[in-house]
Structure formats: structure tokens, C-alpha cells
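start.txt follows (compact mmCIF, C-alpha atoms):
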# COMPACT_ATOMS: atom_id res chain seq x y z
CA MET A 28 62.95 95.22 104.61
CA LYS A 29 65.76 95.33 102.08
CA TYR A 30 68.92 93.40 102.88
CA TYR A 31 72.27 94.06 101.26
CA VAL A 32 74.34 90.93 101.83
CA THR A 33 78.04 90.21 101.52
CA ALA A 34 80.67 87.89 103.01
CA ASP A 35 84.39 87.34 103.38
CA ILE A 36 85.63 90.90 102.99
CA HIS A 37 88.94 89.82 104.56
CA GLY A 38 90.24 93.34 105.08
CA PHE A 39 89.82 94.43 101.45
CA PHE A 40 88.01 97.65 102.27
CA THR A 41 88.30 99.34 98.86
CA PRO A 42 86.77 96.45 96.85
CA PHE A 43 84.07 96.24 99.52
CA MET A 44 83.23 99.93 99.15
CA ASN A 45 83.24 99.61 95.37
CA ALA A 46 80.80 96.69 95.57
CA LEU A 47 78.49 98.56 97.95
CA LYS A 48 78.48 101.58 95.65
CA ALA A 49 77.75 99.42 92.61
CA SER A 50 74.84 97.78 94.46
CA GLY A 51 73.24 101.17 95.16
CA TYR A 52 73.58 100.80 98.92
CA PHE A 53 74.61 104.37 99.67
CA GLU A 54 71.89 105.95 97.52
CA ASP A 55 69.11 103.71 98.86
CA ASN A 56 66.92 105.63 101.31
CA CYS A 57 64.57 102.71 101.96
CA GLU A 58 64.59 100.77 105.21
CA LYS A 59 67.61 98.49 104.87
CA LYS A 60 70.25 96.45 106.66
CA LEU A 61 73.71 95.33 105.61
CA ILE A 62 74.44 91.70 106.48
CA ILE A 63 78.07 90.54 106.49
CA CYS A 64 78.36 86.75 106.64
CA GLY A 65 81.65 86.51 108.49
CA ASP A 66 85.40 86.84 107.95
CA LEU A 67 85.78 90.59 108.19
CA PHE A 68 89.58 90.61 108.30
CA ASP A 69 92.79 88.68 107.49
CA ARG A 70 94.52 88.84 104.09
CA GLY A 71 93.78 92.43 102.97
CA LYS A 72 95.75 95.46 104.15
CA GLU A 73 92.85 97.80 105.01
CA ALA A 74 91.84 96.42 108.39
CA LYS A 75 91.80 99.77 110.17
CA GLU A 76 89.57 101.34 107.52
CA LEU A 77 87.13 98.44 107.69
CA GLN A 78 87.07 98.48 111.49
CA GLU A 79 86.25 102.20 111.42
CA PHE A 80 83.43 101.69 108.91
CA ILE A 81 81.88 98.94 111.02
CA MET A 82 82.06 100.96 114.22
CA GLU A 83 80.49 103.99 112.53
CA ASN A 84 77.66 101.97 110.96
CA ARG A 85 76.90 99.36 113.60
CA ALA A 86 73.22 100.31 113.83
CA ASP A 87 72.74 99.36 110.19
CA LEU A 88 74.70 96.10 110.30
CA ILE A 89 73.93 92.46 111.04
CA LEU A 90 77.22 90.66 111.57
CA ILE A 91 77.59 86.88 111.32
CA ARG A 92 80.59 85.29 112.96
CA GLY A 93 83.11 83.54 110.71
CA ASN A 94 85.95 81.12 111.26
CA HIS A 95 88.49 83.95 111.02
CA GLU A 96 86.83 85.65 113.99
CA ASP A 97 87.37 82.39 115.86
CA LEU A 98 91.03 82.39 114.80
CA PHE A 99 91.54 85.91 116.13
CA CYS A 100 90.01 85.00 119.50
CA GLU A 101 92.22 81.92 119.67
CA MET A 102 95.37 83.88 118.88
CA VAL A 103 94.86 86.68 121.40
CA GLY A 104 93.32 84.38 123.99
CA LYS A 105 94.81 80.98 124.68
CA ASP A 106 97.79 81.49 122.35
CA GLN A 107 98.64 84.86 123.96
CA GLY A 108 99.71 86.60 120.76
CA LEU A 109 102.24 84.01 119.67
CA ALA A 110 102.95 83.88 115.94
CA TYR A 111 102.02 80.27 115.33
CA TYR A 112 102.20 79.17 111.71
CA HIS A 113 98.44 78.95 111.13
CA HIS A 114 97.89 82.45 112.54
CA VAL A 115 100.45 83.84 110.12
CA GLN A 116 99.28 81.71 107.21
CA ASN A 117 95.64 82.76 107.66
CA GLY A 118 96.47 86.46 108.01
CA THR A 119 95.28 86.68 111.61
CA TYR A 120 98.65 87.80 112.91
CA GLN A 121 98.90 90.56 110.31
CA THR A 122 95.42 91.81 111.22
CA ALA A 123 96.41 92.08 114.89
CA LEU A 124 99.55 93.98 113.93
CA ALA A 125 97.54 96.42 111.81
CA LEU A 126 94.84 97.02 114.45
CA THR A 127 97.26 97.41 117.39
CA GLY A 128 100.04 99.35 115.66
CA TYR A 129 102.66 96.86 116.85
CA ASP A 130 105.55 95.99 114.56
CA ALA A 131 106.36 92.32 114.08
CA THR A 132 109.59 92.42 116.09
CA MET A 133 108.08 93.93 119.24
CA ALA A 134 104.98 91.74 118.91
CA ARG A 135 107.18 88.65 119.07
CA ILE A 136 109.32 89.95 121.95
CA ARG A 137 106.39 91.24 124.02
CA HIS A 138 103.70 88.84 122.87
CA TYR A 139 101.72 89.08 126.14
CA ASP A 140 101.47 92.86 125.75
CA PHE A 141 100.68 92.41 122.07
CA ALA A 142 97.81 90.05 122.93
CA GLU A 143 96.48 92.52 125.50
CA ALA A 144 96.61 95.34 122.96
CA ALA A 145 94.67 93.16 120.51
CA ARG A 146 92.05 92.40 123.18
CA ILE A 147 91.22 96.10 123.61
CA THR A 148 90.75 96.77 119.90
CA PRO A 149 87.15 97.52 118.85
CA TYR A 150 87.27 94.37 116.71
CA TYR A 151 87.83 92.07 119.68
CA ALA A 152 86.14 94.06 122.45
CA GLU A 153 82.98 95.18 120.64
CA ILE A 154 82.57 93.80 117.12
CA ILE A 155 83.15 90.08 117.71
CA PRO A 156 80.89 89.92 120.81
CA SER A 157 78.08 91.45 118.75
CA MET A 158 78.30 88.80 116.02
CA LEU A 159 75.65 86.10 115.58
CA ASP A 160 75.97 82.43 114.68
CA PHE A 161 73.08 82.93 112.26
CA TYR A 162 70.35 85.39 111.35
CA GLU A 163 66.97 84.29 110.06
CA THR A 164 64.14 85.98 108.19
CA SER A 165 60.94 84.45 106.80
CA ARG A 166 62.68 83.24 103.62
CA TYR A 167 66.40 83.27 104.35
CA ILE A 168 69.00 82.00 106.81
CA PHE A 169 72.35 83.78 106.91
CA VAL A 170 75.43 81.90 108.13
CA HIS A 171 79.16 81.80 107.46
CA GLY A 172 80.15 78.25 106.44
CA TRP A 173 76.86 76.38 106.87
CA ILE A 174 74.27 75.42 109.45
CA PRO A 175 75.46 72.81 111.97
CA CYS A 176 75.24 69.31 110.53
CA PHE A 177 77.17 66.06 110.44
CA ALA A 178 80.12 66.23 108.06
CA HIS A 179 81.61 62.75 108.16
CA PRO A 180 81.63 60.54 106.23
CA ILE A 181 79.26 62.77 104.23
CA TYR A 182 77.23 65.86 105.01
CA SER A 183 73.94 64.92 106.66
CA LYS A 184 71.24 66.78 108.56
CA MET A 185 71.30 67.52 112.26
CA ASN A 186 67.99 67.85 114.07
CA GLU A 187 67.43 71.14 115.91
CA TRP A 188 70.51 72.83 114.47
CA ARG A 189 69.28 76.21 115.76
CA THR A 190 70.09 75.09 119.30
CA ALA A 191 73.45 73.54 118.41
CA SER A 192 76.28 73.88 120.91
CA PRO A 193 79.03 76.50 120.54
CA GLU A 194 81.41 73.71 119.50
CA GLU A 195 79.03 72.60 116.75
CA TRP A 196 78.79 76.17 115.46
CA ASP A 197 82.58 76.43 115.53
CA ARG A 198 82.79 73.40 113.24
CA ALA A 199 79.99 74.61 110.98
CA ARG A 200 81.88 77.81 110.22
CA TRP A 201 84.48 75.68 108.41
CA PHE A 202 82.01 73.70 106.27
CA ASN A 203 81.70 73.96 102.50
CA GLY A 204 78.09 75.10 102.14
CA MET A 205 77.92 74.21 98.45
CA ASP A 206 78.86 70.60 99.17
CA ALA A 207 76.45 70.46 102.10
CA ALA A 208 73.57 71.84 100.05
CA LYS A 209 74.33 69.40 97.21
CA ALA A 210 74.18 66.58 99.77
CA GLY A 211 70.69 67.71 100.80
CA VAL A 212 71.48 69.60 104.01
CA ILE A 213 69.08 72.45 103.29
CA GLU A 214 66.16 74.04 105.08
CA GLU A 215 62.71 73.46 103.64
CA ARG A 216 61.09 76.59 102.15
CA LYS A 217 64.16 78.70 102.91
CA THR A 218 67.41 79.65 101.24
CA ILE A 219 70.66 79.56 103.20
CA VAL A 220 73.03 82.40 102.33
CA CYS A 221 76.66 81.66 103.17
CA GLY A 222 80.27 82.62 102.63
CA HIS A 223 83.55 80.89 103.51
CA TRP A 224 84.10 78.83 100.34
CA HIS A 225 84.94 80.42 96.98
CA CYS A 226 81.92 80.61 94.64
CA SER A 227 83.98 79.34 91.72
CA TYR A 228 83.93 75.92 93.42
CA GLY A 229 80.19 75.61 92.85
CA HIS A 230 80.25 77.05 89.35
CA SER A 231 83.07 74.72 88.30
CA ASN A 232 82.04 71.51 90.06
CA PHE A 233 78.25 71.67 89.90
CA GLU A 234 77.56 73.80 86.82
CA GLY A 235 80.56 72.89 84.68
CA LYS A 236 81.46 76.57 84.28
CA GLY A 237 85.17 77.33 84.13
CA SER A 238 87.80 76.43 86.70
CA GLU A 239 88.07 77.12 90.42
CA PHE A 240 90.99 79.52 89.90
CA GLY A 241 92.65 81.21 86.98
CA ASP A 242 91.30 83.18 84.05
CA ALA A 243 88.31 80.86 83.54
CA ALA A 244 87.11 81.04 87.16
CA ASP A 245 83.70 82.55 87.93
CA PHE A 246 83.61 84.24 91.35
CA SER A 247 80.11 85.68 91.00
CA PRO A 248 77.48 84.52 93.54
CA TYR A 249 76.59 80.85 93.27
CA TYR A 250 72.87 80.03 93.27
CA GLY A 251 71.80 76.45 93.87
CA ASN A 252 68.94 74.53 95.42
CA GLY A 253 68.51 76.03 98.89
CA ILE A 254 71.73 78.04 98.76
CA ILE A 255 73.30 81.32 97.76
CA ALA A 256 77.09 81.37 98.23
CA LEU A 257 78.93 84.71 98.24
CA ASP A 258 82.66 84.30 98.87
CA ALA A 259 84.38 85.95 95.88
CA CYS A 260 87.87 84.88 97.07
CA THR A 261 88.77 88.56 97.04
CA GLY A 262 92.49 88.06 97.52
CA HIS A 263 92.52 86.21 94.21
CA SER A 264 89.69 87.86 92.25
CA GLY A 265 89.92 91.44 93.54
CA GLN A 266 86.14 91.59 93.89
CA VAL A 267 83.56 91.43 96.67
CA ASN A 268 80.05 90.10 96.06
CA VAL A 269 77.04 92.08 97.29
CA ILE A 270 73.48 90.90 96.61
CA VAL A 271 70.19 92.58 97.44
CA LEU A 272 67.31 90.62 98.96
CA GLU A 273 63.88 91.70 100.17
CA ASP A 274 62.04 89.95 102.97
CA GLU A 275 60.06 90.57 106.12
What is this file in C-alpha cells?
Amino acid sequence: MKYYVTADIHGFFTPFMNALKASGYFEDNCEKKLIICGDLFDRGKEAKELQEFIMENRADLILIRGNHEDLFCEMVGKDQGLAYYHHVQNGTYQTALALTGYDATMARIRHYDFAEAARITPYYAEIIPSMLDFYETSRYIFVHGWIPCFAHPIYSKMNEWRTASPEEWDRARWFNGMDAAKAGVIEERKTIVCGHWHCSYGHSNFEGKGSEFGDAADFSPYYGNGIIALDACTGHSGQVNVIVLEDE
């Protein structure tokens, strides 16, 4: 099986399509799957186009849940569509506006109706429920932030992480996988493929290549011991990373 793998599209549909085309995805007639390691929306302005692509291609996709999916569920669930600062700051509120067709004024006035409209979008009603905490093949594990582990005072391994609680998976989606891998939280004989944290962090801090941001930053995939990190920080770099892996 051939796996095309990406992460953290964040609503930037055009860069995502450009990356898929450059990878050869659309011309590849072999048996294949597209794995997206979380954070489909928030930040970019092409949420509706991305939602449509996902709905039309669901049979070919493996979707991993990210922390921004958790934020969306929080906003339209317990927060009932209210424009709290962190929902606006993270782009979650703007995604809900784009997918529901509400304008910001009416969304604030009728926030209960706004939340209900968001709950019947394909993103909330169908896409998020289909997402996995992780996906595993013979050689790879695909997650968003990292596998569940202990993060304080330093990253350390958790036994039986595959059966971690929902709360432990919620926390793991916020972890910096590059730091965790450097601390030794890896899986023997496997490579963990993740998103969430900008690849330039690993290149700059662990390889001494460039800076985290700015002209010297390297947002290409980061390869380390037991890890491949994919978040290209698209809002800053304008690019999306897609890699191709083969496995059983």
C-alpha cells in the first residue's frame, strides 16, 4: 500500500492541492490512501473547498484528529458558539462562520443558532466523528501531536499508550513531537509521523539549520530518530508538506 501523508492543512486548500499534485497523487493509479494527521481547518480562508474535497474523497482518506478539531467541538458544544478569545485567536470561530454562512454580527447575536448550524455541518456531523486518535501500519504510527506520554517535568514514556483515555489523547494532540522524540519517547522498530508543531523547530534546534521563522527557516519535513514531522506552518510558509510512504 502506498500512503500519501500530510498534516495541518488549516484551511489552505490551494497550497494543499498544489502539494498533492507535486507529489504525483492524482496521477498515481496504484492502491493508495491519503492520510491527514489532523488540523484540517482554522487560519486559511478555503474551508468550504476543503470540506467538499474531504466529503467527495472520504473512501480514500484516513483522518487523524487534531487539537483544532477538539477546539471546534468545544466551541459549538459547551461554549455554544460564543466568540471566546481563544476560539477567535486560533481561527476556530472564522471556520464556523465560513462553513455555516453566518456573518459575525448575527453569529454573536444568535450564538445558540450559530452553534446549532455549526453542528449540522459535514465537518462536525460526519468528518470529525470519523477521525482516529492514531493509525498504525507495520512500520509507521500516524498521530497529530504525539502518542500519549507524560509531559512534565520532561517527556517520558507511558505504558500501553494505545489504550490511553480520551483525556490523555486530548493532551497528546498538543504535544511537541520533536521534543518528545528527542527525549526518547519513541516506539521501537517504528517511526511516528506527526504534525502540530512547525518543522522548522526541529531543523533549527536539533540540526542547527536556520531559524524557526523568517527567511532562514526550513519548513520541509523533519526526519529524526523515530519521527517524521510534517507541519509546514502553512500560514507563514505558504506551503503544505506531503510525503509518500510504502508499507503493508
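Counting from atom CA of A:Val269, the distance to atom CA of A:Asp197 is 24.7 Å.
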So how far away is atom CA of A:Val103 from atom CA of A:Thr132, in Å?
16.7 Å
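Using all atoms listed in the file for every distance, the candidate list A:Phe68, A:Tyr228, A:Phe53, A:Tyr129 yields A:Phe68 as the residue closest to A:His37.
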Would you mind reading off the distance between atom CA of A:Ile213 and atom CA of A:Lys236, one decimal, in Å?
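Between atom CA of A:Ile213 and atom CA of A:Lys236 the gap works out to 23.1 Å.
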Put the listed atoms of stretch 250-265 of chain A in a box along x, y and z with 8 Å added on every side and give me the centre and edge lengths in Å to one decimal, as JSON.
{"center_x": 80.5, "center_y": 83.0, "center_z": 95.6, "size_x": 40.0, "size_y": 32.9, "size_z": 22.6}
At a cut-off of 10 Å, using all atoms listed in the file, what residues contact A:Gly71? Leave out same-chain residues fewer than 5 positions from it and give the result as a list in words.
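Everything that qualifies: Ile36, His37, Gly38, Phe39, Phe40, Thr41, Gly118, Gln121, Thr122, Thr261 and Gly262 of chain A.
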Restricting it to C-alpha atoms, dump the selection as an mmCIF file, keeping the file's coordinate frame.
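Heads up, here's the output in out12.cif:
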data_model
loop_
_atom_site.group_PDB
_atom_site.id
_atom_site.type_symbol
_atom_site.label_atom_id
_atom_site.label_comp_id
_atom_site.auth_asym_id
_atom_site.auth_seq_id
_atom_site.Cartn_x
_atom_site.Cartn_y
_atom_site.Cartn_z
ATOM 1 C CA ILE A 36 85.630 90.900 102.990
ATOM 2 C CA HIS A 37 88.940 89.820 104.560
ATOM 3 C CA GLY A 38 90.240 93.340 105.080
ATOM 4 C CA PHE A 39 89.820 94.430 101.450
ATOM 5 C CA PHE A 40 88.010 97.650 102.270
ATOM 6 C CA THR A 41 88.300 99.340 98.860
ATOM 7 C CA GLY A 118 96.470 86.460 108.010
ATOM 8 C CA GLN A 121 98.900 90.560 110.310
ATOM 9 C CA THR A 122 95.420 91.810 111.220
ATOM 10 C CA THR A 261 88.770 88.560 97.040
ATOM 11 C CA GLY A 262 92.490 88.060 97.520
#
Which residue is closest to A:Glu187? Choose from A:Ile174, A:Ala134, A:Cys226, A:Leu61 and count all atoms listed in the file.
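Of A:Ile174, A:Ala134, A:Cys226, A:Leu61, the one nearest A:Glu187, counting all atoms listed in the file, is A:Ile174.
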Exercise: A:Ile270 partners within 8 Å, all atoms listed in the file, chain neighbours under 2 positions left out, as an MDAnalysis selection string
chainID A and resid 31:33 50 268 272
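Using only C-alpha atoms for every distance, the candidate list A:Gly128, A:Gly235, A:Gly211, A:Pro180 yields A:Gly128 as the residue closest to A:Ala74.
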